[in-house]
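Participant: This is the content of query-v3.txt (compact mmCIF, C-alpha atoms):
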# COMPACT_ATOMS: atom_id res chain seq x y z
CA MET A 29 -103.42 131.14 -81.64
CA ASN A 30 -103.37 134.11 -83.98
CA GLY A 31 -99.70 133.65 -84.81
CA VAL A 32 -97.46 134.42 -87.76
CA HIS A 33 -97.71 130.77 -88.76
CA ASP A 34 -101.27 131.43 -89.97
CA MET A 35 -100.11 132.84 -93.27
CA GLY A 36 -103.01 132.33 -95.67
CA GLY A 37 -103.77 135.59 -97.48
CA MET A 38 -100.86 137.63 -96.14
CA ASP A 39 -98.97 139.87 -98.54
CA GLY A 40 -95.39 140.99 -98.81
CA PHE A 41 -93.43 137.74 -98.70
CA GLY A 42 -92.38 138.02 -102.33
CA PRO A 43 -92.28 135.45 -105.12
CA VAL A 44 -92.21 131.67 -104.67
CA GLU A 45 -88.69 130.58 -105.49
CA ALA A 46 -88.18 126.93 -106.33
CA GLU A 47 -84.66 125.55 -106.13
CA PRO A 48 -83.75 123.32 -109.09
CA ASN A 49 -82.57 119.82 -108.11
CA GLU A 50 -83.14 120.57 -104.44
CA PRO A 51 -81.56 118.03 -102.06
CA VAL A 52 -83.78 116.35 -99.45
CA PHE A 53 -81.67 117.98 -96.73
CA HIS A 54 -79.42 121.00 -97.22
CA GLN A 55 -77.25 120.17 -94.21
CA PRO A 56 -76.75 116.85 -92.40
CA TRP A 57 -78.15 118.31 -89.16
CA GLU A 58 -81.52 118.88 -90.80
CA GLY A 59 -81.99 115.14 -91.24
CA ARG A 60 -80.96 114.49 -87.64
CA VAL A 61 -83.50 117.03 -86.36
CA MET A 62 -86.28 115.54 -88.46
CA ALA A 63 -85.39 112.03 -87.26
CA MET A 64 -85.15 113.01 -83.58
CA VAL A 65 -88.53 114.76 -83.66
CA ARG A 66 -90.17 111.78 -85.36
CA ALA A 67 -88.58 109.27 -82.99
CA ILE A 68 -89.31 111.11 -79.75
CA GLY A 69 -92.81 111.92 -81.02
CA ALA A 70 -93.51 108.29 -81.90
CA ASN A 71 -92.41 107.05 -78.48
CA GLY A 72 -94.62 109.41 -76.56
CA GLY A 73 -92.53 112.55 -76.01
CA MET A 74 -95.01 114.87 -77.68
CA ASN A 75 -97.80 114.25 -80.17
CA ILE A 76 -98.03 115.86 -83.61
CA ASP A 77 -100.36 118.60 -82.40
CA MET A 78 -98.06 119.48 -79.51
CA GLN A 79 -95.20 119.64 -82.01
CA ARG A 80 -97.12 122.01 -84.27
CA PHE A 81 -98.13 124.23 -81.37
CA SER A 82 -94.54 124.43 -80.14
CA ARG A 83 -93.50 125.81 -83.56
CA GLU A 84 -96.39 128.27 -83.68
CA ALA A 85 -95.44 129.50 -80.23
CA LEU A 86 -91.88 130.43 -81.26
CA PRO A 87 -91.25 134.18 -81.04
CA PRO A 88 -92.57 135.59 -84.35
CA VAL A 89 -89.19 137.05 -85.26
CA ASP A 90 -87.57 133.61 -84.88
CA TYR A 91 -90.39 131.94 -86.79
CA LEU A 92 -90.02 134.26 -89.75
CA ALA A 93 -86.23 134.40 -89.79
CA SER A 94 -85.50 130.69 -89.31
CA SER A 95 -85.18 127.98 -91.91
CA TYR A 96 -87.73 125.20 -91.69
CA TYR A 97 -85.60 122.75 -89.76
CA ARG A 98 -84.22 125.49 -87.50
CA LYS A 99 -87.83 126.12 -86.47
CA TRP A 100 -88.22 122.41 -85.82
CA PHE A 101 -85.06 122.39 -83.73
CA LEU A 102 -85.88 125.46 -81.63
CA ALA A 103 -89.40 124.22 -80.92
CA PHE A 104 -88.18 120.69 -80.16
CA GLU A 105 -85.53 121.92 -77.75
CA HIS A 106 -88.12 124.06 -75.99
CA SER A 107 -90.58 121.16 -75.75
CA LEU A 108 -87.98 118.79 -74.31
CA ILE A 109 -86.95 121.31 -71.68
CA GLU A 110 -90.58 122.12 -70.83
CA ARG A 111 -91.33 118.42 -70.26
CA GLY A 112 -88.18 117.80 -68.25
CA LEU A 113 -86.80 115.42 -70.87
CA ALA A 114 -83.62 117.48 -71.28
CA GLY A 115 -82.06 120.55 -69.66
CA THR A 116 -80.49 123.62 -71.25
CA ASP A 117 -77.35 122.87 -69.24
CA GLU A 118 -77.26 119.36 -70.67
CA ILE A 119 -77.62 120.55 -74.26
CA ASP A 120 -74.91 123.17 -73.58
CA ALA A 121 -72.67 120.43 -72.12
CA GLY A 122 -73.49 117.93 -74.84
CA HIS A 123 -74.12 115.22 -72.22
CA SER A 124 -76.84 113.95 -69.98
CA LEU A 125 -76.22 115.29 -66.46
CA ARG A 126 -79.11 113.68 -64.62
CA GLN A 127 -81.85 111.08 -64.83
CA SER A 128 -84.97 112.15 -66.72
CA PRO A 129 -88.34 110.40 -66.91
CA PRO A 130 -88.43 107.60 -69.51
CA LEU A 131 -90.49 108.00 -72.66
CA GLN A 132 -93.92 106.40 -72.50
CA ARG A 133 -92.86 103.77 -75.05
CA GLY A 134 -89.22 103.61 -74.01
CA LEU A 135 -86.15 103.70 -76.21
CA PHE A 136 -86.77 104.30 -79.92
CA THR A 137 -84.80 101.61 -81.70
CA ARG A 138 -84.14 100.57 -85.27
CA ALA A 139 -87.00 98.10 -84.98
CA ASP A 140 -89.39 101.03 -84.44
CA VAL A 141 -88.52 102.75 -87.71
CA ALA A 142 -90.92 100.70 -89.85
CA ARG A 143 -93.76 101.77 -87.55
CA ILE A 144 -93.33 105.46 -88.43
CA GLU A 145 -92.88 104.94 -92.16
CA THR A 146 -96.63 104.59 -92.59
CA ARG A 147 -98.71 107.36 -91.05
CA GLY A 148 -101.04 106.39 -88.27
CA SER A 149 -104.76 106.83 -88.42
CA PHE A 150 -106.38 109.86 -86.84
CA ALA A 151 -109.93 108.53 -87.28
CA ARG A 152 -111.81 107.60 -84.11
CA PRO A 153 -115.26 106.17 -83.36
CA ALA A 154 -117.95 108.86 -83.31
CA ALA A 155 -119.86 109.50 -80.11
CA THR A 156 -122.59 111.46 -81.89
CA PRO A 157 -123.92 111.63 -85.46
CA ALA A 158 -122.45 114.30 -87.74
CA ALA A 159 -124.27 117.62 -87.29
CA PHE A 160 -123.87 118.66 -90.93
CA LYS A 161 -124.48 116.92 -94.24
CA ILE A 162 -122.97 117.34 -97.67
CA GLY A 163 -124.36 120.47 -99.32
CA ASP A 164 -125.10 122.32 -96.08
CA LYS A 165 -124.18 125.98 -96.04
CA VAL A 166 -122.03 126.65 -92.99
CA ARG A 167 -120.13 129.56 -91.54
CA ALA A 168 -116.66 129.25 -90.02
CA LYS A 169 -117.08 130.66 -86.54
CA ASN A 170 -115.25 133.77 -85.48
CA ILE A 171 -113.09 132.08 -82.88
CA ASN A 172 -109.77 133.45 -81.65
CA PRO A 173 -108.33 131.05 -79.10
CA ALA A 174 -104.86 131.87 -77.77
CA THR A 175 -104.27 128.10 -77.83
CA HIS A 176 -103.77 125.73 -80.80
CA THR A 177 -106.40 125.66 -83.52
CA ARG A 178 -106.49 124.52 -87.12
CA LEU A 179 -109.10 127.02 -88.30
CA PRO A 180 -107.12 129.59 -90.31
CA ARG A 181 -107.98 133.25 -89.84
CA TYR A 182 -108.74 133.85 -93.50
CA VAL A 183 -111.92 131.73 -93.40
CA ARG A 184 -113.29 132.86 -90.03
CA GLY A 185 -116.67 134.53 -90.36
CA HIS A 186 -117.04 133.34 -93.98
CA SER A 187 -119.62 130.98 -95.41
CA GLY A 188 -118.95 127.88 -97.44
CA ILE A 189 -120.47 124.55 -98.41
CA ILE A 190 -119.86 121.16 -96.83
CA GLU A 191 -118.35 119.09 -99.62
CA ARG A 192 -117.00 115.98 -97.89
CA ILE A 193 -117.40 114.33 -94.53
CA ASN A 194 -114.02 112.85 -93.61
CA GLY A 195 -115.06 110.93 -90.53
CA CYS A 196 -114.48 111.65 -86.88
CA HIS A 197 -110.86 112.61 -86.09
CA VAL A 198 -108.59 113.50 -83.19
CA PHE A 199 -109.27 117.16 -82.35
CA PRO A 200 -105.97 119.10 -82.51
CA ASP A 201 -107.29 121.95 -80.34
CA SER A 202 -107.53 119.50 -77.42
CA ASN A 203 -104.74 117.09 -78.29
CA ALA A 204 -102.11 119.85 -78.55
CA HIS A 205 -102.63 120.74 -74.93
CA GLY A 206 -102.74 117.30 -73.34
CA LEU A 207 -106.53 117.45 -73.01
CA GLY A 208 -107.12 114.15 -74.77
CA GLU A 209 -108.12 113.26 -78.29
CA ASN A 210 -111.69 114.58 -77.94
CA PRO A 211 -112.66 113.28 -81.44
CA GLN A 212 -114.76 115.55 -83.63
CA TRP A 213 -116.35 115.25 -87.05
CA LEU A 214 -114.14 116.59 -89.82
CA TYR A 215 -115.56 118.24 -92.94
CA THR A 216 -114.12 119.62 -96.15
CA VAL A 217 -115.69 123.06 -96.49
CA VAL A 218 -115.35 124.89 -99.81
CA PHE A 219 -115.46 128.68 -100.09
CA ASP A 220 -115.82 130.91 -103.15
CA GLY A 221 -112.74 133.03 -103.77
CA ARG A 222 -114.84 136.21 -103.67
CA GLU A 223 -116.43 135.25 -100.36
CA LEU A 224 -112.92 135.17 -98.89
CA TRP A 225 -111.19 137.99 -100.78
CA GLY A 226 -114.00 140.30 -101.84
CA ASP A 227 -114.98 141.58 -105.26
CA ASP A 228 -111.37 141.86 -106.41
CA GLY A 229 -110.84 138.15 -105.80
CA ASP A 230 -110.45 135.66 -108.64
CA PRO A 231 -113.99 134.79 -109.84
CA ASN A 232 -112.91 131.25 -110.72
CA LEU A 233 -111.22 130.39 -107.45
CA LYS A 234 -112.50 127.99 -104.83
CA VAL A 235 -110.60 127.27 -101.62
CA SER A 236 -111.33 124.51 -99.16
CA VAL A 237 -110.21 123.85 -95.63
CA ASP A 238 -110.77 120.74 -93.55
CA ALA A 239 -112.70 121.98 -90.56
CA PHE A 240 -113.73 120.25 -87.35
CA GLU A 241 -117.35 120.45 -86.29
CA PRO A 242 -116.77 122.85 -83.36
CA TYR A 243 -115.40 125.37 -85.89
CA LEU A 244 -118.67 125.51 -87.83
CA GLU A 245 -122.26 126.70 -87.56
CA LEU A 246 -125.15 126.56 -90.03
CA ALA A 247 -125.23 129.73 -92.14
CA MET B 20 -76.41 124.41 -85.75
CA GLN B 21 -74.51 121.25 -86.54
CA LEU B 22 -72.80 121.29 -83.11
CA ARG B 23 -75.93 122.11 -81.16
CA VAL B 24 -77.91 119.38 -82.93
CA ARG B 25 -75.15 116.86 -82.32
CA ALA B 26 -75.07 117.85 -78.64
CA LEU B 27 -78.81 117.31 -78.37
CA GLU B 28 -78.57 113.94 -80.09
CA THR B 29 -75.91 112.84 -77.58
CA VAL B 30 -78.09 113.94 -74.67
CA LEU B 31 -81.12 112.07 -76.00
CA THR B 32 -79.02 108.98 -76.68
CA GLU B 33 -77.45 108.98 -73.22
CA LYS B 34 -80.87 109.36 -71.65
CA GLY B 35 -82.06 106.21 -73.40
CA TYR B 36 -84.61 107.92 -75.65
CA VAL B 37 -83.20 107.23 -79.11
CA GLU B 38 -80.70 104.93 -80.80
CA PRO B 39 -78.47 106.78 -83.30
CA ALA B 40 -78.84 103.83 -85.69
CA ALA B 41 -82.60 104.34 -85.65
CA LEU B 42 -82.10 108.00 -86.57
CA ASP B 43 -79.76 106.93 -89.40
CA ALA B 44 -82.50 104.65 -90.69
CA ILE B 45 -85.14 107.41 -90.59
CA VAL B 46 -82.87 109.80 -92.49
CA ASP B 47 -82.08 107.08 -95.02
CA THR B 48 -85.77 106.36 -95.58
CA TYR B 49 -86.46 109.94 -96.65
CA GLN B 50 -83.20 110.41 -98.49
CA THR B 51 -83.27 107.26 -100.57
CA LYS B 52 -86.53 105.32 -100.30
CA VAL B 53 -89.58 107.58 -100.20
CA GLY B 54 -90.00 110.11 -102.96
CA PRO B 55 -92.28 111.34 -105.75
CA ARG B 56 -91.78 108.13 -107.71
CA ASN B 57 -94.40 106.57 -105.42
CA GLY B 58 -96.99 109.14 -106.41
CA ALA B 59 -95.94 108.98 -110.07
CA ARG B 60 -96.63 105.24 -110.14
CA VAL B 61 -100.08 105.81 -108.67
CA VAL B 62 -100.88 108.48 -111.26
CA ALA B 63 -99.59 106.36 -114.14
CA ARG B 64 -101.77 103.46 -113.04
CA ALA B 65 -104.78 105.76 -112.85
CA TRP B 66 -104.09 106.95 -116.41
CA VAL B 67 -104.14 103.44 -117.85
CA ASP B 68 -106.77 101.82 -115.64
CA PRO B 69 -110.14 103.61 -115.33
CA ALA B 70 -111.36 101.24 -112.61
CA PHE B 71 -108.28 102.01 -110.53
CA LYS B 72 -108.76 105.73 -111.12
CA GLN B 73 -112.32 105.51 -109.82
CA ALA B 74 -111.17 103.50 -106.81
CA LEU B 75 -108.48 106.12 -106.16
CA ILE B 76 -111.00 108.94 -106.20
CA ASP B 77 -113.39 106.98 -103.98
CA ASN B 78 -110.77 106.02 -101.37
CA ALA B 79 -107.18 106.82 -102.22
CA THR B 80 -105.59 105.07 -99.22
CA GLU B 81 -107.31 101.78 -100.01
CA ALA B 82 -106.61 102.04 -103.72
CA VAL B 83 -102.90 102.79 -103.24
CA ASN B 84 -102.58 99.89 -100.84
CA THR B 85 -103.83 97.47 -103.52
CA LEU B 86 -100.74 98.29 -105.62
CA GLY B 87 -97.92 95.87 -104.97
CA HIS B 88 -95.17 98.10 -106.39
CA VAL B 89 -95.90 101.16 -104.23
CA SER B 90 -95.17 101.18 -100.50
CA ARG B 91 -98.17 101.31 -98.18
CA THR B 92 -99.75 104.65 -97.46
CA GLY B 93 -101.45 105.75 -94.26
CA ASP B 94 -105.03 106.82 -93.81
CA HIS B 95 -106.84 109.89 -95.06
CA LEU B 96 -105.22 110.24 -98.48
CA ILE B 97 -107.50 112.05 -100.94
CA ALA B 98 -106.84 112.09 -104.70
CA VAL B 99 -108.20 115.07 -106.63
CA GLU B 100 -108.42 114.97 -110.41
CA ASN B 101 -107.47 117.77 -112.77
CA THR B 102 -109.76 118.26 -115.76
CA PRO B 103 -109.92 120.88 -118.52
CA GLU B 104 -112.49 122.66 -116.34
CA ARG B 105 -110.74 122.43 -112.99
CA HIS B 106 -107.15 122.64 -111.79
CA ASN B 107 -106.32 121.51 -108.25
CA MET B 108 -103.52 122.87 -106.10
CA VAL B 109 -102.48 121.84 -102.59
CA VAL B 110 -101.08 124.00 -99.78
CA CYS B 111 -100.76 123.96 -96.02
CA THR B 112 -101.15 127.58 -94.93
CA LEU B 113 -100.65 126.75 -91.23
CA CYS B 114 -97.53 124.58 -91.41
CA SER B 115 -96.25 122.10 -93.98
CA CYS B 116 -98.70 119.17 -94.25
CA TYR B 117 -97.85 117.14 -97.34
CA PRO B 118 -98.38 113.53 -98.50
CA TRP B 119 -94.93 112.27 -97.44
CA GLU B 120 -95.62 108.68 -98.40
CA MET B 121 -96.55 109.67 -101.93
CA LEU B 122 -94.07 112.50 -102.56
CA GLY B 123 -91.31 112.29 -99.95
CA LEU B 124 -90.43 115.33 -97.85
CA PRO B 125 -91.72 118.65 -99.15
CA PRO B 126 -89.42 121.09 -100.96
CA VAL B 127 -88.43 124.32 -99.23
CA TRP B 128 -90.72 126.47 -101.39
CA TYR B 129 -93.78 124.45 -100.30
CA LYS B 130 -92.98 125.25 -96.65
CA SER B 131 -92.08 128.89 -97.36
CA ALA B 132 -94.02 132.01 -96.43
CA PRO B 133 -94.46 133.15 -100.07
CA TYR B 134 -96.22 129.94 -101.08
CA ARG B 135 -98.26 129.49 -97.90
CA SER B 136 -99.47 133.08 -97.92
CA ARG B 137 -100.35 133.43 -101.59
CA ALA B 138 -101.59 130.00 -102.71
CA VAL B 139 -105.06 130.61 -101.29
CA LYS B 140 -105.40 134.23 -102.45
CA ASP B 141 -103.48 134.50 -105.71
CA PRO B 142 -102.96 130.96 -107.02
CA ARG B 143 -102.77 132.14 -110.63
CA GLY B 144 -99.92 134.45 -109.70
CA VAL B 145 -98.15 131.57 -107.98
CA LEU B 146 -98.73 129.29 -110.98
CA ALA B 147 -97.26 131.97 -113.27
CA GLU B 148 -94.06 131.84 -111.19
CA PHE B 149 -93.93 128.12 -111.97
CA GLY B 150 -94.40 128.92 -115.66
CA ILE B 151 -98.01 127.77 -115.79
CA THR B 152 -100.78 129.90 -117.29
CA LEU B 153 -104.26 128.41 -117.30
CA PRO B 154 -107.26 129.76 -119.20
CA ALA B 155 -109.07 132.42 -117.12
CA ASP B 156 -112.24 130.31 -117.13
CA THR B 157 -110.51 127.25 -115.68
CA GLU B 158 -111.59 126.96 -112.08
CA ILE B 159 -108.71 126.80 -109.63
CA ARG B 160 -109.42 124.74 -106.59
CA VAL B 161 -107.01 125.14 -103.71
CA TRP B 162 -106.99 122.50 -100.98
CA ASP B 163 -105.64 123.88 -97.71
CA SER B 164 -104.39 120.87 -95.69
CA THR B 165 -105.59 122.02 -92.29
CA ALA B 166 -106.18 118.55 -90.79
CA GLU B 167 -104.68 115.05 -91.12
CA THR B 168 -106.19 114.55 -94.56
CA ARG B 169 -103.53 114.61 -97.29
CA PHE B 170 -104.04 115.49 -100.93
CA LEU B 171 -102.57 114.07 -104.11
CA VAL B 172 -103.33 115.86 -107.38
CA LEU B 173 -104.03 113.60 -110.32
CA PRO B 174 -102.69 115.62 -113.27
CA MET B 175 -104.14 115.32 -116.77
CA ARG B 176 -102.52 112.75 -119.04
CA PRO B 177 -100.52 114.51 -121.75
CA ALA B 178 -101.52 114.14 -125.39
CA GLY B 179 -99.43 111.90 -127.60
CA THR B 180 -98.96 109.15 -125.01
CA ASP B 181 -101.42 106.55 -126.35
CA GLY B 182 -100.18 103.04 -125.83
CA TRP B 183 -97.37 104.05 -123.45
CA SER B 184 -96.46 101.66 -120.65
CA GLU B 185 -97.08 102.63 -117.04
CA GLU B 186 -93.35 102.91 -116.35
CA ARG B 187 -92.87 105.29 -119.26
CA LEU B 188 -95.91 107.33 -118.27
CA ALA B 189 -94.62 107.60 -114.70
CA ASP B 190 -91.59 109.46 -116.08
CA LEU B 191 -93.94 112.27 -117.14
CA VAL B 192 -95.41 112.72 -113.66
CA THR B 193 -93.41 115.37 -111.83
CA ARG B 194 -93.59 116.12 -108.13
CA ASP B 195 -94.99 119.57 -108.84
CA SER B 196 -97.72 118.12 -111.08
CA MET B 197 -98.95 116.15 -108.05
CA ILE B 198 -98.95 119.28 -105.85
CA GLY B 199 -100.70 121.26 -108.57
CA THR B 200 -97.95 123.80 -109.24
CA GLY B 201 -97.00 121.98 -112.41
CA LEU B 202 -98.47 119.91 -115.23
CA ALA B 203 -97.38 116.46 -116.32
CA LEU B 204 -94.55 116.66 -118.85
CA ARG B 205 -95.32 116.45 -122.55
CA PRO B 206 -93.53 113.57 -124.32
CA GLU B 207 -91.04 115.98 -125.91
CA GLU B 208 -90.19 117.51 -122.50
CA ALA B 209 -89.47 114.10 -120.95
CA ASN B 210 -86.67 113.38 -123.39
CA LYS B 211 -84.69 116.46 -122.43
Go ahead and express the file in the form of structure tokens.
Facilitator:
Amino acid sequence: MNGVHDMGGMDGFGPVEAEPNEPVFHQPWEGRVMAMVRAIGANGGMNIDMQRFSREALPPVDYLASSYYRKWFLAFEHSLIERGLAGTDEIDAGHSLRQSPPLQRGLFTRADVARIETRGSFARPAATPAAFKIGDKVRAKNINPATHTRLPRYVRGHSGIIERINGCHVFPDSNAHGLGENPQWLYTVVFDGRELWGDDGDPNLKVSVDAFEPYLELA
Amino acid sequence: MQLRVRALETVLTEKGYVEPAALDAIVDTYQTKVGPRNGARVVARAWVDPAFKQALIDNATEAVNTLGHVSRTGDHLIAVENTPERHNMVVCTLCSCYPWEMLGLPPVWYKSAPYRSRAVKDPRGVLAEFGITLPADTEIRVWDSTAETRFLVLPMRPAGTDGWSEERLADLVTRDSMIGTGLALRPEEANK
């Protein structure tokens, strides 16, 4: 979706401000939110792509005005309610008021923690050979789905070079919407700064994105 | 927020979805166990061992998992090497993708609109805000983490560190130097 989350190349957000000696969490609730999202995600509540889409789909004003973990919380709450895993009335009451469907993998326990400490693999067997090879000149397609996609706006319609082939991976555009993993070849595509930003762009800048095969066509 | 989050945690616990002790353990992992020291150890090894450095560039996940003193890392890690000709910088313009296992959870600035919007368009301006000015003819390569690949920058080894042990070298490897918004510390900076 063409949302406010797709920030590459936007102006007006001001300087990058790093906080010296920043704590891992600024408030205890931030850690709880992160842990709940990871746990429910790992046991089948919603996959990583569904989680990302739920944050992108927040009202733009909320997205821009919320801290990082507030965004996580708002999107998580919405996703739980949408899937019938919790009700607004229950969160308001602070108690479960009815039975809800169990998670696919059941209760997330202490014994499950080790499982999420190492990231899973997103690589899948390929059904077809890769359509592009290293060195090919490709164009990022001008696609504008209202659904989840990982092709940022700032590269659409621009040409770059295939630099790496990263294997065949779960396709977020499908996986975010419960349409299956639909694995697709994943390429690192590198663009010249001036191709993206015009003649005023930095002449010694190169930017790459990792793009799935359906995002690309030969240029 | 604190109350609303606690209410939600109670609901999810009562429904049999999560155990509070499991949540405690997840929080503890990121607060005390996983952090940039993991990445720093990988970089320090690469500085002293050319064969390891090559293995890291060829397949970073496999190379990291041969190290006994660094916790295992998941798939799709890619190490990118800084050279006098090329400086690498990592961003996730769409969300906040970051090599958690190497660096811990990302800092707020990495997830912020200013960084995500400008890193791909004006990386030299961003670097200047971190106090870094590179020669105009140094290529800047920005890696936008738009998929499940994760990037670790291998900063250049500072001068004046010949013969240093890996542990001592690891002290020079800052989190920001592995994102590409910093350089490894010079020996005189490390003693501050």
Participant: Restrict the calculation to only C-alpha atoms, then for each residue of chain A with any atom at most 6 Å from an atom of chain B give the closest atom pair and their distance in Å to one decimal, rows by chain and rising residue number, as a Markdown table.
Facilitator:
| residue | atom | partner | partner_atom | distance |
| --- | --- | --- | --- | --- |
| A:His33 | CA | B:Leu113 | CA | 5.6 |
| A:Asp34 | CA | B:Leu113 | CA | 4.9 |
| A:Met35 | CA | B:Ser136 | CA | 4.7 |
| A:Gly36 | CA | B:Ser136 | CA | 4.3 |
| A:Gly37 | CA | B:Ser136 | CA | 5.0 |
| A:Met38 | CA | B:Ser136 | CA | 5.1 |
| A:Phe41 | CA | B:Pro133 | CA | 4.9 |
| A:Gly42 | CA | B:Pro133 | CA | 5.8 |
| A:Pro43 | CA | B:Pro133 | CA | 6.0 |
| A:Val44 | CA | B:Pro133 | CA | 5.3 |
| A:Ala46 | CA | B:Trp128 | CA | 5.6 |
| A:Trp57 | CA | B:Gln21 | CA | 5.4 |
| A:Gly59 | CA | B:Val46 | CA | 5.6 |
| A:Ala63 | CA | B:Leu42 | CA | 5.2 |
| A:Ile119 | CA | B:Leu27 | CA | 5.4 |
| A:Gly122 | CA | B:Ala26 | CA | 4.1 |
| A:His123 | CA | B:Val30 | CA | 4.8 |
| A:Ser124 | CA | B:Val30 | CA | 4.9 |
| A:Leu135 | CA | B:Tyr36 | CA | 4.5 |
| A:Phe136 | CA | B:Val37 | CA | 4.7 |
| A:Thr137 | CA | B:Ala41 | CA | 5.3 |
| A:Arg138 | CA | B:Ala41 | CA | 4.1 |
| A:Thr146 | CA | B:Gly93 | CA | 5.2 |
| A:Arg147 | CA | B:Gly93 | CA | 4.5 |
| A:Ser149 | CA | B:Asp94 | CA | 5.4 |
| A:Arg178 | CA | B:Thr165 | CA | 5.8 |
| A:Asn232 | CA | B:Glu158 | CA | 4.7 |
| A:Leu233 | CA | B:Ile159 | CA | 4.9 |
| A:Lys234 | CA | B:Arg160 | CA | 4.8 |
| A:Val235 | CA | B:Val161 | CA | 4.7 |
| A:Ser236 | CA | B:Trp162 | CA | 5.1 |
| A:Val237 | CA | B:Asp163 | CA | 5.0 |
| A:Asp238 | CA | B:Thr165 | CA | 5.5 |
Participant: What is the CA of Asn49 in chain A to CA of Ala67 in chain A distance in Å?
Facilitator: 27.9 Å
Participant: Tell me, in Å to one decimal, how far CA of His106 in chain A is from CA of Ser82 in chain A.
Facilitator: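 It comes out at 7.7 Å.
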Participant: At what distance in Å, to one decimal, does CA of Phe170 in chain B lie from CA of Arg184 in chain A?
Facilitator: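 That distance, rounded to one decimal, is 22.5 Å.
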Participant: For Met78 in chain A, list every protein, DNA or RNA residue within 12 Å, evaluated using only C-alpha atoms, and leave out those in the same chain fewer than 6 positions away; present the list as an NGL selection string.
Facilitator: :A and (65 or 69 or 72 or 84-85 or 103-104 or 106-108 or 110-111 or 175-177 or 199-209)
Participant: Determine the nearest neighbour of Ile162 in chain A from the options A:Pro180, A:Gly188, A:Pro130, A:Gly148, counting all atoms listed in the file.
Facilitator: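 Between A:Pro180, A:Gly188, A:Pro130, A:Gly148, the residue approaching Ile162 in chain A most closely is A:Gly188.
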Participant: Write out as a list in words the residues lying within 8 Å of Leu202 in chain B, counting all atoms listed in the file and excluding same-chain residues fewer than 6 positions away.
Facilitator: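 That gives Ile151, Pro174, Met175, Val192, Thr193, Asp195 and Ser196 of chain B.
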Participant: Between B:Arg60, B:Gly199, B:Asn78, B:Lys52, which residue has the minimum interatomic distance to Leu171 in chain B, considering only C-alpha atoms?
Facilitator: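 Among the listed residues, the smallest separation from Leu171 in chain B belongs to B:Gly199.
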Participant: Write out as an NGL selection string each polymer residue whose atoms come within 12 Å of Ala159 in chain A, counting only C-alpha atoms; drop sequence neighbours fewer than 2 positions from it.
Facilitator: :A and (154-157 or 161-162 or 164 or 166 or 190 or 193 or 195-196 or 212-215 or 240-246)
Participant: Residues of the last selection are to be written out with C-alpha atoms, as a PDB file, in the frame of the given file.
Facilitator:
ATOM      1  CA  ALA A 154    -117.950 108.860 -83.310  1.00  0.00           C
ATOM      2  CA  ALA A 155    -119.860 109.500 -80.110  1.00  0.00           C
ATOM      3  CA  THR A 156    -122.590 111.460 -81.890  1.00  0.00           C
ATOM      4  CA  PRO A 157    -123.920 111.630 -85.460  1.00  0.00           C
ATOM      5  CA  LYS A 161    -124.480 116.920 -94.240  1.00  0.00           C
ATOM      6  CA  ILE A 162    -122.970 117.340 -97.670  1.00  0.00           C
ATOM      7  CA  ASP A 164    -125.100 122.320 -96.080  1.00  0.00           C
ATOM      8  CA  VAL A 166    -122.030 126.650 -92.990  1.00  0.00           C
ATOM      9  CA  ILE A 190    -119.860 121.160 -96.830  1.00  0.00           C
ATOM     10  CA  ILE A 193    -117.400 114.330 -94.530  1.00  0.00           C
ATOM     11  CA  GLY A 195    -115.060 110.930 -90.530  1.00  0.00           C
ATOM     12  CA  CYS A 196    -114.480 111.650 -86.880  1.00  0.00           C
ATOM     13  CA  GLN A 212    -114.760 115.550 -83.630  1.00  0.00           C
ATOM     14  CA  TRP A 213    -116.350 115.250 -87.050  1.00  0.00           C
ATOM     15  CA  LEU A 214    -114.140 116.590 -89.820  1.00  0.00           C
ATOM     16  CA  TYR A 215    -115.560 118.240 -92.940  1.00  0.00           C
ATOM     17  CA  PHE A 240    -113.730 120.250 -87.350  1.00  0.00           C
ATOM     18  CA  GLU A 241    -117.350 120.450 -86.290  1.00  0.00           C
ATOM     19  CA  PRO A 242    -116.770 122.850 -83.360  1.00  0.00           C
ATOM     20  CA  TYR A 243    -115.400 125.370 -85.890  1.00  0.00           C
ATOM     21  CA  LEU A 244    -118.670 125.510 -87.830  1.00  0.00           C
ATOM     22  CA  GLU A 245    -122.260 126.700 -87.560  1.00  0.00           C
ATOM     23  CA  LEU A 246    -125.150 126.560 -90.030  1.00  0.00           C
TER      24      LEU A 246
END
